[in-house]
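> This is the structure I want to talk about, given as structure tokens.
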Amino acid sequence: MSESPDTQSLVSVSSQINLSDGDGIDDKEFDIPQVDTPPTLESILNETEDEDESFILEDPTLLNTDNIDAHSGETSSLASSDSGDRTNLKRRKKVSDIGSSIHGSVVRRSVLKGVSAQVVSAADRIDAGLPTAVVVSSLIAVGTSHGLALVFGKDPNQALRLCLGSTAMGAQYGAVSALSINSDCTRLLCGFAKGQITMWDLANGKLLRTITDAHPPGTAILHIKFTDDPTIAICNDSGGSVFELSFKRVMGVRTCESRCLFSGAKGEVCCIEPLLVKLELRDHPITQYALLAMASLTKVLVIGLKPSLKVWLTFPYGKTNPASVPLLSWQFVAVQSAVMPMLAFCRGNAIHFLLVKKDESGAIHVSKQRQLHLHYDLINLTWINSRTLALLDSAEKLHVVDRQSQHELEIVDIAEVQLVYNSSHFKSLATGGNVSQALALVGEKACYQSVSGYGGQIIYLGTKSVHVITLRTWRERLDYLLKQERFIEALSLAWSLHEGKAKAVVGLFGDQSKRKGVVGDRMVEILLQYVDRALKKCPEQGKIQVMEQHFQEMVPVMVDYCLLLERIDLLFGQIYNKLSEISVAKGVFIECLEPFILNDKLTSITPQVMKDLLIHFQDRDMMENIEACIVHMDITSLDIQQVVHMCWEHSLYDAMIYVYNRGMNDYITPMEKLFQIISPPLRAGKSLTDEQVVMGNKLLVYISCCLAGRAYPLGNIPEDLVSLVKHQVFEFLIRLHSTEVASGEELYPQIRTLLHFDTREFLNVLALTFEDFRNDKQAVEHQQRIVDILLKVMVENSDFTPSQVGCLFTFLARQLAKPDNTLFVNRMLFDQVLEFLCSPDDESRHAERQQVLLELLQAGGIVQFDECRLIAMAEKAAFYQVCEFMYEKKQLYDKVICCYLNDQLRQEEIFNYVHNMLSIPGYSTEEKESVWNKTMEHFKELVLINPTKAAELLAVHFSTELRSIVDQLEDEYLLFQLLQSLLDSSDGVQVNRELLQLNPDIHEQYLNLLCQHDPRHVTDFLRVSEHYRLEEAIQITKKHKLHEASAYLLEKEGDIHGAFLVLLEILKLKLSLFTDGAREENEETVQVAETILEETVALCQRNSHSLNQQQREALWFPLLEAVMSTQKQLKDGSSSQALECKYGSSFKLLLNLICQ
């Protein structure tokens, strides 16, 4: 528990623990449900000890036992001398996310040389034996294996004050197995390996009590603990039982009464921890209960000793490694506006935190806080202070952890301490080893009596030395890093201290402002040391690049932390002066400023540094870098005259605009300067250079920003200047003459220049401006004025091309088409707009001109036109969308069809239009009929556009006119495409079956066309279709000599022999190709012949069962003869062996079929 100030008030303790910290514990988080009647101690004793017992919360996710990986029962044994081999320990997967922040060395480990030397000396001089236990308070007491207790002062000399007991007592009682000092440091309790307990007066070394009957004989004392009440102590023996010792003095006689709190017969307790309260917290309401935490092998219990014995909490561990050591530790922590006790307990690799508080009714409530999951098993858990834990793992590595963030701050290997283990006492070797196997297994790693914490210090007892761990002060942590020249880590740690984000902070007092001031001063010192080191470590000889790299690694750190600390004076004062001693360092420093300036982290530079910066970049021809920096700088840090001169000299127009705008609130002069660059060549009709084009575009953007209230090139114009700047720019644009009137200058030179430079973009700038200031009355007036000037300049002047004039009218049309338009344009100009947009002589931007006119009409501009004239001009200009708009307005829906047909880009949309018109309700019968008639009139054109969609339309809306439509189509291939889409079921067009049955000639007509255009699919069509007449179909296929299709139809008609003869004739023809003089033997011919043979055989097979013997012979024998004849000729000739083999196998197959 952390050491508190010497004060009696609870408020002072609260302030020390920092109740106002925003990271305090939320006492409403993870509340464990309260029970109306807490269990009695007897009921707990009678419970069955079950390793798998679950602890049920309202939210079952709070316990999170799923990720606990229980160890096997095999563990490495620790010898009774208490050193062990931990190399075979299993490692669990790391769960907690350890922060990557720089914490430095958080703890300092020291050897108590005086204590260590005297413990070793006592072993030699008085046969005290090896150290076995330690306890620390205002004094340090060390117990030995020969029964002595050595008491040392905590003064610098660590003098031995008392040597309690004797070797004779040790021979009788055994080793000292446990120690405890009371709260006022006047009494010492010693527990022994053979079960005895002694009490000593620490003022004079007098033995006050020897207790031999407080617990069952034959068991070692594992723990002896004073409570806050100096007359009550708690002991825990190797039988797993817990007893309360009550010390009394009656008539000068000292006595001790013992009461069993927990019997080891039903579950062995191996760790106890009473809640001890410092003097300044003695008025805390929780003290009246005298809370005691006990850890058995399966659960943790919290009981109250006062006013009567009562169980307040039981908490089972769940599944754990049976060799893991149960651990307990109390600590008072800050919770919002109060100080409350928190119990940390662990068995294995998960630490649980329970916050204990008392409500107004007097009941104790326990709330479970966030668990800390580790990737190692613990053998000791000790609070250093209310925020920081010291966790010792089974490999004797000390982990310093911040509880709230769960960040691991440092790991210290303390294996060299040679920690003393208490295994022999847990095994009760001094009394014959009469303990359970479970307790003995836990004892292998038990070191309870070797670690003792008090006042922010933790004592670790080794076999030959005593070590102390304390938190370093914040200054010590920084000095530790600086001593190792780890400057960047030191600065990082210092900044986290400055921002209040550092962990385990000690020695930093005062309010936030004061703490920041103290740490900031220390950071300044570190920065100056860092600068000196950078200069000292600079390579004296070698390449410039090596020196530059050296400073490039170090200078940004200096700049960054100076900016974080807001110490520009330091950056441009001492640091810059030091670095300026080396020219390379000075150059790197200046160049390093650029990214900070561009990110707006550095907006102000001293005049001298700014001058050096400009010279540096200018000497290296890095003018773009200068310009980029200037526009991010605070104008007050610039020498305006110097900067303006440089901007003009090097054409840094962005910087020039920025300086004029921000430094002099002058927004017009930069415009005048830019106009002076692009106006002369434009007036002379010359082409602009690339640089002049860039300037012109920059001018357009600048004007746009000014009119929109935005600063150029970034930011916004001050609100109080927005209206003024906008007015000034408008007035500048509409000036009759420029400031320096050139000879022959025409009126409105600014607007003329911009129109000649880029008419479209200038009008786009105006359009955006008009959009931004629709509700600004003064801006609206300026807009009207500019429109009037535009019309005057462009309409009355022949200098502008028709395309440029067209851009103007397009701009006007768009503005006038807006619903909230406030511009007035002479109505005669609408006719000019219409004439221009519909001009048949100008095919450029046809779609754009049509769209502009359409927008104008849709916005209500139609009232400005004579509709008949409008339609006539739109038709002449091929503005079919405009025509469609007008026809729909007049409800002339049939004429819309012509619009779609004539519009090459939208022809496909006609099908949806017709379908919707004829399907969707809302149109009159007459309107639908007119659309239907017009569609019929142009159906041939629909087929030309898309035969498939035409077929769909026909099937749905025009099925009754199938014959009429077919007759319209004179083009055979076009008819073929339509009928294919209509009659081929694979296309998915559904046609009225009754209609098809009434028109079989349509199918036959399609069959005839199919034979011509796609003969390969004729047979497939015949198999699928059911609406053709057989006789007519046979005639058609014979006409086109499609023998396979004819055979199929003959077979379907029932003329099996006729079908056979057709196929046989084809087969003979194909076989003859192998026997004539040419002997054509290509693979394709072979495959065709084989296919015909297979089809012929299949025909015979299909029908043999329905024929008599004579009819079957009339099929098979001619087939056999044809094949045998071919085979004979092949053998007699010079055919290839492969061909003979092919037809030899076919012949054998044929014979087998005939035999069957």
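Each chain in the structure tokens gets a letter, A, B, ..., in the order shown, and its residues are numbered from 1; ligands are numbered from 1 in order too.
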Determine which residues of segment 316-452 of chain A receive a DSSP assignment of alpha helix (DSSP H), computed from the backbone, and state them as an NGL selection string.

:A and (423-426 or 437-443)

> Could the residues in this selection be saved with N, CA and C atoms as a PDB file, in the first residue's frame?


ATOM      1  N   SER A 423       8.313 -23.967   0.352  1.00  0.00           N
ATOM      2  CA  SER A 423       7.807 -25.304   0.033  1.00  0.00           C
ATOM      3  C   SER A 423       7.824 -26.237   1.228  1.00  0.00           C
ATOM      4  N   SER A 424       8.894 -26.202   2.016  1.00  0.00           N
ATOM      5  CA  SER A 424       9.026 -27.161   3.119  1.00  0.00           C
ATOM      6  C   SER A 424       7.917 -26.970   4.149  1.00  0.00           C
ATOM      7  N   HIS A 425       7.469 -25.731   4.347  1.00  0.00           N
ATOM      8  CA  HIS A 425       6.419 -25.479   5.329  1.00  0.00           C
ATOM      9  C   HIS A 425       5.069 -25.947   4.800  1.00  0.00           C
ATOM     10  N   PHE A 426       4.821 -25.750   3.497  1.00  0.00           N
ATOM     11  CA  PHE A 426       3.562 -26.217   2.929  1.00  0.00           C
ATOM     12  C   PHE A 426       3.503 -27.738   2.931  1.00  0.00           C
ATOM     13  N   GLN A 437      -1.912 -33.872  -0.858  1.00  0.00           N
ATOM     14  CA  GLN A 437      -1.103 -33.746  -2.067  1.00  0.00           C
ATOM     15  C   GLN A 437      -1.377 -32.418  -2.781  1.00  0.00           C
ATOM     16  N   ALA A 438      -2.633 -31.949  -2.725  1.00  0.00           N
ATOM     17  CA  ALA A 438      -2.986 -30.700  -3.403  1.00  0.00           C
ATOM     18  C   ALA A 438      -2.247 -29.528  -2.787  1.00  0.00           C
ATOM     19  N   LEU A 439      -2.202 -29.489  -1.453  1.00  0.00           N
ATOM     20  CA  LEU A 439      -1.514 -28.394  -0.784  1.00  0.00           C
ATOM     21  C   LEU A 439      -0.016 -28.478  -1.011  1.00  0.00           C
ATOM     22  N   ALA A 440       0.535 -29.684  -0.983  1.00  0.00           N
ATOM     23  CA  ALA A 440       1.962 -29.862  -1.224  1.00  0.00           C
ATOM     24  C   ALA A 440       2.329 -29.423  -2.650  1.00  0.00           C
ATOM     25  N   LEU A 441       1.429 -29.690  -3.614  1.00  0.00           N
ATOM     26  CA  LEU A 441       1.690 -29.286  -4.997  1.00  0.00           C
ATOM     27  C   LEU A 441       1.726 -27.766  -5.120  1.00  0.00           C
ATOM     28  N   VAL A 442       0.784 -27.083  -4.453  1.00  0.00           N
ATOM     29  CA  VAL A 442       0.788 -25.620  -4.467  1.00  0.00           C
ATOM     30  C   VAL A 442       2.059 -25.095  -3.804  1.00  0.00           C
ATOM     31  N   GLY A 443       2.499 -25.774  -2.746  1.00  0.00           N
ATOM     32  CA  GLY A 443       3.677 -25.322  -2.016  1.00  0.00           C
ATOM     33  C   GLY A 443       4.954 -25.351  -2.806  1.00  0.00           C
TER      34      GLY A 443
END

> Leaving out segment 544-557 of chain A and any residue of its chain fewer than 3 positions from it, which residues lie within 12 Å of it when counting only C-alpha atoms, given as a VMD selection string?

chain A and resid 487 to 492 526 to 528 530 to 541 560 to 564 571 575 to 576 578 to 579 582 to 596

> Neighbouring residues of Leu327 of chain A were defined as those with any atom within 12 Å, considering only C-alpha atoms; residues of the same chain fewer than 3 positions away were excluded. Please report them as a PyMOL selection string.

chain A and resi 269-273+293-297+299-300+317+324+330+343-353+377-383+391-393+442+445-448+451

> One number please: atom CA of Phe958 of chain A to atom CA of Leu975 of chain A, in Å, one decimal.

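Distance reported for this atom pair: 15.7 Å.
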